[in-house]
Amino acid sequence: MRILVTGGRGTIGQVLTPWLRRVGHEVWTCDLDHHHDPRHVRCDVAEFRQLSRLLDSQPFELVVHLAAEYGRWNGEDYYEQLWRTNVVGTKHLIRLQEQARFRMIFASTSEVYGDVDEPMREELLDQKEVRQLNDYALSKWVNEQQILMSAAMFGTETVRVRLFNTYGPGEYFTPFRSAICRFAYSALLDLPYTVYLNHRRTSIFISDAVRMLAGLVDAFAPGEVYNIGSAESHDMKAVSDTILGLLGKDDRLVSYSDSEPFTTKNKQVDGLKAARALGHTSSVPLKVGLARTLAWMKRIYVDQVVAEPAAYLELAS
């Protein structure tokens, strides 16, 4: 199958692309930057001409749409780019989907559920009004509505996937990245960081998330939506303590605070639908995933060795 992965040089795309190629698909990628891969095209999804030119050049059967601005605070500080990329860019892609009729797998987020006091089931958003807590969450909720409207009006075929806290090798540090990435980077380089105590999460290692996304290529069911997360619930202090323990360090540089504003307190993922329909289970325990993440980060930021995440994860095993 000829597949396009938007955001193909991002954290998930760098691992998903070689995985799909290894099982025989012809996979092209696009992202904001140039790259030496002959099947990579520089393309900003928010620029209709660039996206149209790319999609006109190849008859893609499937697009895995990962390209997005991410994160709560990134969405506050750079809201213009967030809305342009996430909402306008996705609308561009949907308009081209209506013409070319390719199928799409869309990467949404657990943030669309807002702050609810019950398990986050896929049908929850259809049953009750949910108040999203930040611009990033709102933009992804808008994307899901765009997709549903196009399916109703034009018969486009898309599967939505709500990812819960994906982490692992390939997530390069910035102050806007996930808490696990920021904790690991800071602890590794002896930098101060803050842990918010009253938040619980389920975090899924990158290879488990990618295995699920790759499986959807063959198990594509138009209109479906799936939660992709881990069954292993944890608070954020436990994550920090595990990272420090793996590094043999104490918490003298860690500050503790009760909670982070505009952030979901307890993400209770309900993953039964994905488990029943797709056989999705998480296989990498949190401590193992954190150890692999730290080892990769050490190579990048301490040893300064280029370590391609897909090769480092030994995905074939």
# chains A, B, ... in the order shown; residues from 1 in each chain; ligands from 1

call {"tool": "residues_around", "arguments": {"residues": "stretch 41-53 of chain A", "least_positions_apart": "2", "cutoff": "12 Å", "atoms": "only C-alpha atoms", "output": "PyMOL selection string"}}
result
chain A and resi 4-9+27-39+55-59+63+65-69+80-97+99-100

call {"tool": "residues_around", "arguments": {"residues": "stretch 17-22 of chain A", "least_positions_apart": "3", "cutoff": "7 Å", "atoms": "only C-alpha atoms", "output": "list in words"}}
result
Gly8, Gly13, Gln14, His25, Glu26, Val27, Ala214 and Ala310 of chain A

call {"tool": "atom_distance", "arguments": {"atom1": "atom CA of A:Glu118", "atom2": "atom CA of A:Met236"}}
result
19.2 Å

call {"tool": "select_by_dssp", "arguments": {"residues": "stretch 6-245 of chain A", "states": "alpha helix (DSSP H)", "output": "short mmCIF file (atom, residue, chain, number, x, y, z; two decimals) with C-alpha atoms, in the first residue's frame"}}
result
data_model
loop_
_atom_site.label_atom_id
_atom_site.label_comp_id
_atom_site.auth_asym_id
_atom_site.auth_seq_id
_atom_site.Cartn_x
_atom_site.Cartn_y
_atom_site.Cartn_z
CA GLY A 13 6.47 9.36 12.64
CA GLN A 14 10.17 8.50 12.95
CA VAL A 15 9.23 5.13 14.44
CA LEU A 16 6.04 4.41 12.50
CA THR A 17 7.59 4.98 9.05
CA PRO A 18 10.30 2.27 9.22
CA TRP A 19 7.85 -0.08 10.91
CA LEU A 20 5.40 0.21 8.00
CA ARG A 21 8.19 -0.09 5.45
CA ARG A 22 9.47 -3.22 7.11
CA PHE A 48 -2.65 24.33 0.73
CA ARG A 49 -0.47 24.61 -2.38
CA GLN A 50 2.33 22.56 -0.82
CA LEU A 51 -0.03 19.86 0.40
CA SER A 52 -1.99 19.73 -2.84
CA ARG A 53 1.22 19.46 -4.87
CA LEU A 54 2.37 16.51 -2.77
CA LEU A 55 -0.94 14.65 -2.91
CA ASP A 56 -1.25 15.25 -6.66
CA SER A 57 2.18 13.70 -7.19
CA ARG A 72 -0.92 22.92 26.31
CA TRP A 73 1.63 25.68 26.91
CA ASN A 74 2.98 25.59 23.37
CA GLY A 75 -0.62 26.22 22.33
CA GLU A 76 -0.78 29.27 24.58
CA ASP A 77 2.56 30.81 23.63
CA TYR A 79 -1.48 29.86 19.46
CA GLU A 80 -1.37 31.35 15.97
CA GLN A 81 0.71 28.45 14.69
CA LEU A 82 -1.30 25.89 16.66
CA TRP A 83 -4.63 26.91 15.11
CA GLY A 89 -3.95 22.28 8.00
CA THR A 90 -6.30 19.43 8.82
CA LYS A 91 -9.11 21.13 6.89
CA HIS A 92 -6.79 21.36 3.86
CA LEU A 93 -6.11 17.64 4.12
CA ILE A 94 -9.80 16.80 4.47
CA ARG A 95 -10.68 18.88 1.40
CA LEU A 96 -8.07 16.94 -0.60
CA GLN A 97 -9.36 13.67 0.86
CA GLU A 98 -12.82 14.52 -0.43
CA GLN A 99 -11.34 14.79 -3.92
CA ALA A 100 -8.79 11.97 -3.94
CA LEU A 124 -18.12 9.94 26.33
CA LEU A 125 -17.91 12.97 24.05
CA ASP A 126 -21.13 11.90 22.32
CA GLN A 127 -23.02 11.47 25.59
CA ASP A 135 -6.26 25.57 23.08
CA TYR A 136 -4.43 22.37 22.14
CA ALA A 137 -7.32 20.24 23.38
CA LEU A 138 -9.83 22.50 21.64
CA SER A 139 -7.97 22.32 18.33
CA LYS A 140 -7.97 18.52 18.40
CA TRP A 141 -11.67 18.45 19.30
CA VAL A 142 -12.32 20.75 16.33
CA ASN A 143 -10.33 18.35 14.12
CA GLU A 144 -12.57 15.47 15.16
CA GLN A 145 -15.66 17.51 14.33
CA GLN A 146 -14.18 18.44 10.93
CA ILE A 147 -13.61 14.76 10.22
CA LEU A 148 -17.11 13.74 11.28
CA MET A 149 -18.73 16.48 9.19
CA SER A 150 -16.76 15.48 6.10
CA ALA A 151 -17.72 11.84 6.58
CA ALA A 152 -21.39 12.83 6.84
CA MET A 153 -21.38 15.21 3.88
CA PHE A 154 -18.89 13.59 1.50
CA ALA A 179 6.39 15.65 31.48
CA ILE A 180 8.33 12.40 31.07
CA CYS A 181 10.63 13.98 28.49
CA ARG A 182 11.20 17.05 30.66
CA PHE A 183 11.79 15.01 33.83
CA ALA A 184 14.23 12.66 32.09
CA TYR A 185 16.20 15.42 30.38
CA SER A 186 16.42 17.54 33.53
CA ALA A 187 17.39 14.65 35.80
CA LEU A 188 19.99 13.41 33.32
CA ILE A 206 6.33 4.64 21.72
CA SER A 207 6.67 1.11 20.32
CA ASP A 208 3.31 0.07 21.80
CA ALA A 209 1.58 3.13 20.33
CA VAL A 210 3.19 2.57 16.93
CA ARG A 211 2.33 -1.13 16.89
CA MET A 212 -1.31 -0.13 17.37
CA LEU A 213 -1.21 2.53 14.65
CA ALA A 214 0.43 0.10 12.22
CA GLY A 215 -2.21 -2.49 13.00
CA LEU A 216 -4.94 -0.06 11.98
CA VAL A 217 -3.65 -0.11 8.42
CA ASP A 218 -4.98 -3.65 8.04
CA MET A 236 3.78 12.02 38.36
CA LYS A 237 5.93 11.75 41.50
CA ALA A 238 6.24 8.02 40.84
CA VAL A 239 7.58 8.82 37.35
CA SER A 240 10.10 11.28 38.73
CA ASP A 241 11.17 8.90 41.50
CA THR A 242 11.66 6.07 38.99
CA ILE A 243 13.77 8.26 36.70
CA LEU A 244 15.93 9.43 39.60
CA GLY A 245 16.30 5.86 40.85
#

call {"tool": "closest_residue", "arguments": {"among": "A:Ile12, A:Pro175, A:Glu61, A:Gly155", "to": "A:Pro309", "atoms": "only C-alpha atoms"}}
result
A:Ile12
